[in-house]
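*Asks:* Can you keep this structure in mind? I'll have questions shortly.
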Amino acid sequence: MIRLSIAQRLSVMFAVVAAVIFSVLAVALYNVSADAVRRQIQGELYFQHTLLDPMIKQRTAAQWDYVRGKLDSLSEVEGRFRYWLLAEDARYRHGEPIARRSTAWRGKDGFKVVKDEQGKPWGVLARDIPAYHDRPAVSLVVAMDCTAYLKTKNVIQQFLALACALGILLVALFGYWIARLGLEPVRRLSSQANALPPDDPRKRLDTGRLPPEILELAASFNNALSRRETAWRQLEGFNADVAHELRTPLTNLIGQTQVALAHPRDSRELQELLASNLEEFERMSSIVNDMLFLSRADSGQRAAELSEVSLREEALKTMEYLEPSFAQRNLAVSLEGDQVARVDKRLFHRALANLLANSARYAHAGSQVRVKIAREGDSVKVAVCDEGDPIPPAQQARLFERFYRGDAARSGSEAHHGLGLSIVRAIAAMHGGDVFVSSRDGVNTFGFSLPLQG
């Protein structure tokens with residue numbers, strides 16, 4: 001299949017429109033010229049009748065020879081005209097019709113264009129003359145050679161056809177040139193896009209001199225480049241974070257194993273080493289599992305095992321599970337509100353557990369942690385509030401990013417690898433909700449929203 005460029009398509013469309021317009025105009029002009037030629041032929045024939053009809057009307061049978069002689073003399077003088085008379089009585093007939101059948105030349109209003117035996121075109125006009133005294137009614141037929149008129153009409157027809165074809169061709173050519181000229185900004189934009197360096201995601205298209213029709217396209221492309229830059233930077237940071245998080249336990253494993261192999265060890269020391277290595281393996285396994293979960297969430301996976309539950313009952317189960325973590329730091333936990341919603345219970349427990357574990361780590365010892373469940377519009381909000389150090393606004397915007405911790409220096413292998421809040425955001429997104437955070441008057445609030453369905 002042949003693919004035409006935009007300029008070629010526009011050129012074809014211009015040509016089609018021009019063909020329709022020129023054809024209509026050509027047909028109209030041809031009909032006008034043909035009608036003018038017809039009226040000209042009829043006018044000359046009517047003029048002949050105005051000269052001859054009065055003469056014939058006043059002639060009796062005795063004067064009929066004069067009529068014949070007059071018609072014969074006119075036929076000799078006017079070589080391009082022929083005259084004949086038709087009547088039921090053969091004595092009043094005169095001349096030879098150009099058509100063998102007496103009615104072959106009769107048309108509307110007595111006028112018609114016919115051809116003789118040699119194919120020459122004749123304009124024929126017949127008019128009836130009433131009886132006078134002893135003369136019966138007769139018909140006078142005047143024929144005129146209209147070859148010159150029809151040639152003129154044919155020349156006009158050929159000229160219109162040639163002008164129409166030439167006009168269509170010119171419109172197509174100029175249309176193609178105009179289309180290419182009009183699409184020049186698109187070609188410049190394409191050249192800019194092809195010239196963008198692959199190793200510099202900060203580059204953008206220059207939209208300063210673009211027409212309004214192309215400006216929106218360029219702006220959309222620049223927005224796509226901005227999203228690509230953001231994704232590129234996130235991927236770059238993600239790769240660095242993953243490398244860092246996995247490098248630490250791997251370094252610990254290698255170091256501990258090298259130390260253990262450097263000297264003979266008894267079974268108790270080897271057991272301690274294996275137990276320590278097992279902790280690092282579990283940490284690495286946790287990072288990998290969490291990353292796989294986040295990857296599925298990023299690919300658009302939705303919560304599938306939905307059921308209508310009381311969020312208060314499910315929250316109580318999660319709080320009971322994490323009770324040892326709160327008791328270790330002497331934290332009091334309370335629950336406020338209730339709401340029935342359709343959620344994946346397993347994912348809901350995981351999201352709330354991550355928020356509660358976050359409060360158990362960072363809330364001031366001996367303070368209170370409150371879990372609030374409340375409806376707001378068409379969604380329900382689940383919030384965990386604790387008393388802790390204030391969180392700067394710049395950090396609040398990044399707390400749900402992967403591997404992000406408030407302290408940028410993350411040296412050392414720790415039990416918590418900075419994916420807990422990211423998982424909360426992923427679970428909220430899988431339900432069609434979102435996350436939120438605030439820090440005011442010494443109270444830090446983390447939470448997520450879930451839509452109320454049905």
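Following the order of the structure tokens, first chain is A, next is B, and so on, with residues numbered from 1 inside each chain and ligands from 1 in the order they appear.
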Excluding Asp378 in chain A and any residue of its chain fewer than 5 positions from it, enumerate the residues within 12 Å of it, using only C-alpha atoms, and give them as a PyMOL selection string.

*Replies:* chain A and resi 339+341+432-433+449-454

*Asks:* Please produce a file of the residues just selected, as a CSV table (one decimal), in the first residue's frame, where the atoms kept are C-alpha atoms.

*Replies:*
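The resulting out.csv:
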```
chain,number,residue,atom,x,y,z
A,339,GLN,CA,-16.4,2.5,57.9
A,341,ALA,CA,-15.6,-0.6,52.3
A,432,GLY,CA,-7.9,3.6,43.2
A,433,GLY,CA,-6.9,5.8,46.2
A,449,SER,CA,-7.6,7.0,51.2
A,450,LEU,CA,-9.8,4.3,49.6
A,451,PRO,CA,-12.7,5.0,47.3
A,452,LEU,CA,-16.2,3.9,48.5
A,453,GLN,CA,-17.7,1.7,45.7
A,454,GLY,CA,-21.4,1.2,45.3
```

*Asks:* Mind checking which residues fall within 12 Å of Leu189 in chain A, counting only C-alpha atoms, ignoring those fewer than 2 positions away in the same chain, and posting them as a ChimeraX atom specification?

*Replies:* /A:183-187,191-196,204-211,214-215,217-219,221-222

*Asks:* For Gln58 in chain A, list every protein, DNA or RNA residue within 10 Å, evaluated using only C-alpha atoms, and leave out those in the same chain fewer than 4 positions away; present the list as a compact mmCIF listing (two decimals) with C-alpha atoms, in the first residue's frame.

*Replies:*
```
# COMPACT_ATOMS: atom_id res chain seq x y z
CA ASP A 53 -44.18 33.99 -44.43
CA PRO A 54 -46.00 37.27 -45.33
CA GLN A 63 -49.81 32.86 -57.92
CA ALA A 131 -55.13 28.42 -46.30
CA TYR A 132 -55.91 31.47 -48.41
CA HIS A 133 -58.86 31.55 -50.87
CA ARG A 135 -54.94 27.64 -51.72
```

*Asks:* Calculated over only C-alpha atoms, which of the candidates A:Val443, A:Ile6, A:Leu85, A:Leu225 has the smallest distance to Ile178 in chain A?

*Replies:* A:Ile6

*Asks:* Got a sec to tell me which of range 339-394 of chain A DSSP assigns to strand (DSSP E or B), as JSON, numbers by chain?

*Replies:* {"A": [340, 341, 342, 343, 368, 369, 370, 371, 372, 373, 374, 375, 376, 379, 380, 381, 382, 383, 384, 385, 386, 387]}

*Asks:* Quote the spacing between CA of Asp290 in chain A and CA of Ala353 in chain A in Å to one decimal place.

*Replies:*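 Rounded to one decimal, the two atoms are 14.3 Å apart.
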
*Asks:* Hey, which of A:Lys57, A:His431, A:Arg9, A:Arg346 ends up closest to Gly300 in chain A? Count only C-alpha atoms.

*Replies:*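 Closest to Gly300 in chain A of all the choices is A:His431.
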
*Asks:* Please list as a PyMOL selection string every residue within 12 Å of Gln48 in chain A, counting only C-alpha atoms and excluding residues in the same chain fewer than 3 positions away.

*Replies:* chain A and resi 41-45+51-55+71+74-75+78+81-83+124-127+140-144

*Asks:* For those residues, write N, CA and C atoms to a file as a PDB file, in the first residue's frame.

*Replies:*
```pdb
ATOM      1  N   ILE A  41     -28.851  30.188 -34.186  1.00  0.00           N
ATOM      2  CA  ILE A  41     -29.362  29.468 -35.365  1.00  0.00           C
ATOM      3  C   ILE A  41     -30.858  29.716 -35.509  1.00  0.00           C
ATOM      4  N   GLN A  42     -31.582  29.596 -34.371  1.00  0.00           N
ATOM      5  CA  GLN A  42     -33.018  29.825 -34.434  1.00  0.00           C
ATOM      6  C   GLN A  42     -33.337  31.264 -34.880  1.00  0.00           C
ATOM      7  N   GLY A  43     -32.535  32.218 -34.392  1.00  0.00           N
ATOM      8  CA  GLY A  43     -32.778  33.605 -34.762  1.00  0.00           C
ATOM      9  C   GLY A  43     -32.660  33.835 -36.257  1.00  0.00           C
ATOM     10  N   GLU A  44     -31.651  33.229 -36.871  1.00  0.00           N
ATOM     11  CA  GLU A  44     -31.496  33.398 -38.313  1.00  0.00           C
ATOM     12  C   GLU A  44     -32.631  32.733 -39.077  1.00  0.00           C
ATOM     13  N   LEU A  45     -33.051  31.556 -38.595  1.00  0.00           N
ATOM     14  CA  LEU A  45     -34.165  30.874 -39.262  1.00  0.00           C
ATOM     15  C   LEU A  45     -35.471  31.655 -39.099  1.00  0.00           C
ATOM     16  N   LEU A  51     -39.345  37.065 -43.399  1.00  0.00           N
ATOM     17  CA  LEU A  51     -39.303  37.604 -44.763  1.00  0.00           C
ATOM     18  C   LEU A  51     -40.240  36.854 -45.708  1.00  0.00           C
ATOM     19  N   LEU A  52     -40.332  35.526 -45.530  1.00  0.00           N
ATOM     20  CA  LEU A  52     -41.065  34.707 -46.498  1.00  0.00           C
ATOM     21  C   LEU A  52     -42.516  34.450 -46.107  1.00  0.00           C
ATOM     22  N   ASP A  53     -42.811  34.326 -44.838  1.00  0.00           N
ATOM     23  CA  ASP A  53     -44.183  33.986 -44.427  1.00  0.00           C
ATOM     24  C   ASP A  53     -45.219  34.992 -44.942  1.00  0.00           C
ATOM     25  N   PRO A  54     -44.983  36.330 -44.816  1.00  0.00           N
ATOM     26  CA  PRO A  54     -46.004  37.272 -45.331  1.00  0.00           C
ATOM     27  C   PRO A  54     -46.222  37.144 -46.844  1.00  0.00           C
ATOM     28  N   MET A  55     -45.156  36.851 -47.568  1.00  0.00           N
ATOM     29  CA  MET A  55     -45.290  36.705 -49.020  1.00  0.00           C
ATOM     30  C   MET A  55     -46.156  35.498 -49.368  1.00  0.00           C
ATOM     31  N   LEU A  71     -38.634  31.063 -54.122  1.00  0.00           N
ATOM     32  CA  LEU A  71     -37.869  30.147 -53.251  1.00  0.00           C
ATOM     33  C   LEU A  71     -36.635  29.606 -53.968  1.00  0.00           C
ATOM     34  N   LEU A  74     -33.986  32.349 -54.088  1.00  0.00           N
ATOM     35  CA  LEU A  74     -33.350  32.529 -52.769  1.00  0.00           C
ATOM     36  C   LEU A  74     -32.383  31.389 -52.453  1.00  0.00           C
ATOM     37  N   SER A  75     -32.740  30.199 -52.838  1.00  0.00           N
ATOM     38  CA  SER A  75     -31.849  29.056 -52.593  1.00  0.00           C
ATOM     39  C   SER A  75     -30.543  29.211 -53.345  1.00  0.00           C
ATOM     40  N   GLU A  78     -28.777  32.452 -51.502  1.00  0.00           N
ATOM     41  CA  GLU A  78     -28.362  32.064 -50.151  1.00  0.00           C
ATOM     42  C   GLU A  78     -27.970  30.589 -50.168  1.00  0.00           C
ATOM     43  N   PHE A  81     -28.750  28.290 -47.218  1.00  0.00           N
ATOM     44  CA  PHE A  81     -30.141  28.062 -46.837  1.00  0.00           C
ATOM     45  C   PHE A  81     -30.812  27.160 -47.866  1.00  0.00           C
ATOM     46  N   ARG A  82     -31.766  26.415 -47.398  1.00  0.00           N
ATOM     47  CA  ARG A  82     -32.631  25.615 -48.265  1.00  0.00           C
ATOM     48  C   ARG A  82     -34.067  25.858 -47.819  1.00  0.00           C
ATOM     49  N   TYR A  83     -34.993  25.870 -48.861  1.00  0.00           N
ATOM     50  CA  TYR A  83     -36.402  26.135 -48.588  1.00  0.00           C
ATOM     51  C   TYR A  83     -37.232  25.071 -49.280  1.00  0.00           C
ATOM     52  N   VAL A 124     -33.170  23.288 -38.790  1.00  0.00           N
ATOM     53  CA  VAL A 124     -34.410  23.281 -39.552  1.00  0.00           C
ATOM     54  C   VAL A 124     -35.514  23.888 -38.699  1.00  0.00           C
ATOM     55  N   LEU A 125     -36.297  24.810 -39.327  1.00  0.00           N
ATOM     56  CA  LEU A 125     -37.435  25.414 -38.655  1.00  0.00           C
ATOM     57  C   LEU A 125     -38.630  25.381 -39.593  1.00  0.00           C
ATOM     58  N   ALA A 126     -39.721  24.772 -39.141  1.00  0.00           N
ATOM     59  CA  ALA A 126     -40.947  24.642 -39.937  1.00  0.00           C
ATOM     60  C   ALA A 126     -42.058  25.462 -39.294  1.00  0.00           C
ATOM     61  N   ARG A 127     -42.807  26.196 -40.142  1.00  0.00           N
ATOM     62  CA  ARG A 127     -43.939  26.968 -39.644  1.00  0.00           C
ATOM     63  C   ARG A 127     -45.128  26.732 -40.588  1.00  0.00           C
ATOM     64  N   LEU A 140     -44.022  25.881 -44.481  1.00  0.00           N
ATOM     65  CA  LEU A 140     -42.764  26.369 -45.031  1.00  0.00           C
ATOM     66  C   LEU A 140     -41.633  25.899 -44.129  1.00  0.00           C
ATOM     67  N   VAL A 141     -40.660  25.229 -44.711  1.00  0.00           N
ATOM     68  CA  VAL A 141     -39.497  24.723 -43.967  1.00  0.00           C
ATOM     69  C   VAL A 141     -38.263  25.434 -44.469  1.00  0.00           C
ATOM     70  N   VAL A 142     -37.528  26.026 -43.503  1.00  0.00           N
ATOM     71  CA  VAL A 142     -36.267  26.692 -43.826  1.00  0.00           C
ATOM     72  C   VAL A 142     -35.151  25.930 -43.133  1.00  0.00           C
ATOM     73  N   ALA A 143     -34.144  25.540 -43.882  1.00  0.00           N
ATOM     74  CA  ALA A 143     -32.987  24.814 -43.339  1.00  0.00           C
ATOM     75  C   ALA A 143     -31.730  25.640 -43.550  1.00  0.00           C
ATOM     76  N   MET A 144     -30.868  25.658 -42.543  1.00  0.00           N
ATOM     77  CA  MET A 144     -29.626  26.426 -42.625  1.00  0.00           C
ATOM     78  C   MET A 144     -28.451  25.542 -42.240  1.00  0.00           C
TER      79      MET A 144
END
```

*Asks:* Which of range 320-443 of chain A counts as alpha helix (DSSP H) under DSSP, as number ranges by chain please?

*Replies:* A: 320-321, 323-328, 345-362, 393-396, 420-430

*Asks:* Go ahead and write the selection's residues with N, CA and C atoms as a compact mmCIF listing (two decimals), in the first residue's frame.

*Replies:*
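Result file result22.txt:
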```txt
# COMPACT_ATOMS: atom_id res chain seq x y z
N GLU A 320 -3.36 -5.48 66.95
CA GLU A 320 -3.04 -6.58 67.88
C GLU A 320 -1.76 -7.29 67.45
N TYR A 321 -1.58 -7.42 66.14
CA TYR A 321 -0.39 -8.09 65.64
C TYR A 321 0.88 -7.30 65.98
N GLU A 323 1.26 -5.22 68.52
CA GLU A 323 1.27 -4.78 69.92
C GLU A 323 2.64 -4.90 70.58
N PRO A 324 3.42 -5.97 70.32
CA PRO A 324 4.76 -6.04 70.96
C PRO A 324 5.66 -4.87 70.57
N SER A 325 5.59 -4.39 69.33
CA SER A 325 6.42 -3.27 68.89
C SER A 325 6.07 -2.01 69.66
N PHE A 326 4.78 -1.77 69.96
CA PHE A 326 4.37 -0.60 70.72
C PHE A 326 4.73 -0.75 72.20
N ALA A 327 4.58 -1.97 72.70
CA ALA A 327 4.90 -2.19 74.11
C ALA A 327 6.39 -1.99 74.37
N GLN A 328 7.22 -2.32 73.39
CA GLN A 328 8.66 -2.16 73.55
C GLN A 328 9.06 -0.71 73.81
N LYS A 345 -8.36 -7.43 51.88
CA LYS A 345 -7.99 -7.44 53.31
C LYS A 345 -6.49 -7.63 53.51
N ARG A 346 -5.89 -8.49 52.71
CA ARG A 346 -4.46 -8.75 52.87
C ARG A 346 -3.66 -7.48 52.61
N LEU A 347 -4.00 -6.76 51.53
CA LEU A 347 -3.28 -5.53 51.22
C LEU A 347 -3.58 -4.43 52.24
N PHE A 348 -4.83 -4.37 52.72
CA PHE A 348 -5.18 -3.36 53.73
C PHE A 348 -4.35 -3.57 55.00
N HIS A 349 -4.23 -4.82 55.45
CA HIS A 349 -3.43 -5.12 56.63
C HIS A 349 -1.97 -4.70 56.41
N ARG A 350 -1.47 -4.97 55.22
CA ARG A 350 -0.06 -4.65 54.96
C ARG A 350 0.17 -3.14 54.97
N ALA A 351 -0.73 -2.38 54.35
CA ALA A 351 -0.57 -0.92 54.33
C ALA A 351 -0.66 -0.34 55.72
N LEU A 352 -1.68 -0.75 56.49
CA LEU A 352 -1.82 -0.20 57.85
C LEU A 352 -0.66 -0.65 58.75
N ALA A 353 -0.21 -1.89 58.56
CA ALA A 353 0.93 -2.38 59.36
C ALA A 353 2.18 -1.55 59.08
N ASN A 354 2.41 -1.18 57.82
CA ASN A 354 3.58 -0.35 57.50
C ASN A 354 3.48 1.02 58.18
N LEU A 355 2.28 1.61 58.19
CA LEU A 355 2.12 2.91 58.84
C LEU A 355 2.32 2.79 60.35
N LEU A 356 1.75 1.73 60.95
CA LEU A 356 1.91 1.55 62.40
C LEU A 356 3.36 1.25 62.77
N ALA A 357 4.04 0.44 61.94
CA ALA A 357 5.45 0.15 62.20
C ALA A 357 6.28 1.42 62.09
N ASN A 358 5.93 2.29 61.15
CA ASN A 358 6.63 3.57 61.01
C ASN A 358 6.46 4.42 62.28
N SER A 359 5.24 4.46 62.83
CA SER A 359 5.01 5.20 64.08
C SER A 359 5.74 4.55 65.25
N ALA A 360 5.77 3.21 65.30
CA ALA A 360 6.46 2.51 66.39
C ALA A 360 7.95 2.83 66.39
N ARG A 361 8.53 3.13 65.23
CA ARG A 361 9.96 3.45 65.16
C ARG A 361 10.25 4.90 65.50
N TYR A 362 9.38 5.83 65.05
CA TYR A 362 9.73 7.24 65.10
C TYR A 362 8.95 8.07 66.12
N PRO A 393 8.59 20.42 55.27
CA PRO A 393 7.74 20.26 54.07
C PRO A 393 8.48 19.65 52.89
N ALA A 394 9.75 19.98 52.71
CA ALA A 394 10.50 19.43 51.58
C ALA A 394 10.62 17.92 51.69
N GLN A 395 10.74 17.40 52.92
CA GLN A 395 10.81 15.95 53.10
C GLN A 395 9.44 15.29 52.97
N GLN A 396 8.39 15.99 53.37
CA GLN A 396 7.05 15.40 53.29
C GLN A 396 6.70 14.99 51.86
N GLY A 420 8.67 0.85 53.00
CA GLY A 420 7.38 0.68 53.65
C GLY A 420 6.33 1.67 53.18
N LEU A 421 6.67 2.97 53.15
CA LEU A 421 5.70 3.97 52.74
C LEU A 421 5.43 3.89 51.24
N SER A 422 6.44 3.49 50.45
CA SER A 422 6.21 3.29 49.02
C SER A 422 5.18 2.20 48.78
N ILE A 423 5.23 1.16 49.59
CA ILE A 423 4.26 0.07 49.46
C ILE A 423 2.87 0.56 49.85
N VAL A 424 2.79 1.41 50.86
CA VAL A 424 1.49 1.99 51.23
C VAL A 424 0.89 2.76 50.04
N ARG A 425 1.71 3.56 49.39
CA ARG A 425 1.21 4.32 48.23
C ARG A 425 0.78 3.37 47.11
N ALA A 426 1.55 2.29 46.89
CA ALA A 426 1.20 1.34 45.84
C ALA A 426 -0.13 0.65 46.15
N ILE A 427 -0.34 0.26 47.41
CA ILE A 427 -1.59 -0.41 47.79
C ILE A 427 -2.77 0.53 47.62
N ALA A 428 -2.59 1.81 48.00
CA ALA A 428 -3.66 2.79 47.81
C ALA A 428 -3.99 2.94 46.33
N ALA A 429 -2.96 3.00 45.49
CA ALA A 429 -3.19 3.14 44.05
C ALA A 429 -3.88 1.90 43.48
N MET A 430 -3.56 0.72 43.99
CA MET A 430 -4.19 -0.51 43.51
C MET A 430 -5.68 -0.54 43.84
```

*Asks:* Could you check the closest approach to Ala303 in chain A for each of A:Ala275, A:Ala332, A:Val343, A:Ile21 and tell me which residue wins, using only C-alpha atoms?

*Replies:*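 Using only C-alpha atoms, the shortest distance to Ala303 in chain A belongs to A:Val343.
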
*Asks:* Which is closest to Lys317 in chain A among A:Glu376, A:Arg68, A:Ala262, A:Leu335, if we use only C-alpha atoms?

*Replies:*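 Nearest candidate to Lys317 in chain A out of A:Glu376, A:Arg68, A:Ala262, A:Leu335: A:Leu335.
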
*Asks:* To one decimal place, how far is CA of Ala163 in chain A from CA of Leu10 in chain A in Å?

*Replies:*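 Calculated distance between CA of Ala163 in chain A and CA of Leu10 in chain A is 21.8 Å.
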
*Asks:* So how far away is CA of Val12 in chain A from CA of Ile156 in chain A, in Å?

*Replies:*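 Value for the CA of Ile156 in chain A-CA of Val12 in chain A distance: 27.5 Å.
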
*Asks:* Would you pick out the contacts of Ala26 in chain A at 7 Å or less, using only C-alpha atoms, so that residues sharing its chain but fewer than 4 positions from it are not included, and give the list as a JSON list (two decimals) with N, CA and C atoms, in the first residue's frame?

*Replies:*
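Result went into result_9.json, see below:
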```json
[["chain", "number", "residue", "atom", "x", "y", "z"],
["A", 22, "PHE", "N", -14.31, 23.05, -11.14],
["A", 22, "PHE", "CA", -14.08, 23.34, -12.55],
["A", 22, "PHE", "C", -15.06, 22.58, -13.45],
["A", 30, "TYR", "N", -20.53, 25.45, -20.84],
["A", 30, "TYR", "CA", -20.82, 24.74, -22.09],
["A", 30, "TYR", "C", -22.32, 24.81, -22.41],
["A", 160, "LEU", "N", -12.86, 24.52, -22.94],
["A", 160, "LEU", "CA", -13.27, 24.34, -21.55],
["A", 160, "LEU", "C", -12.65, 23.08, -20.95]]
```
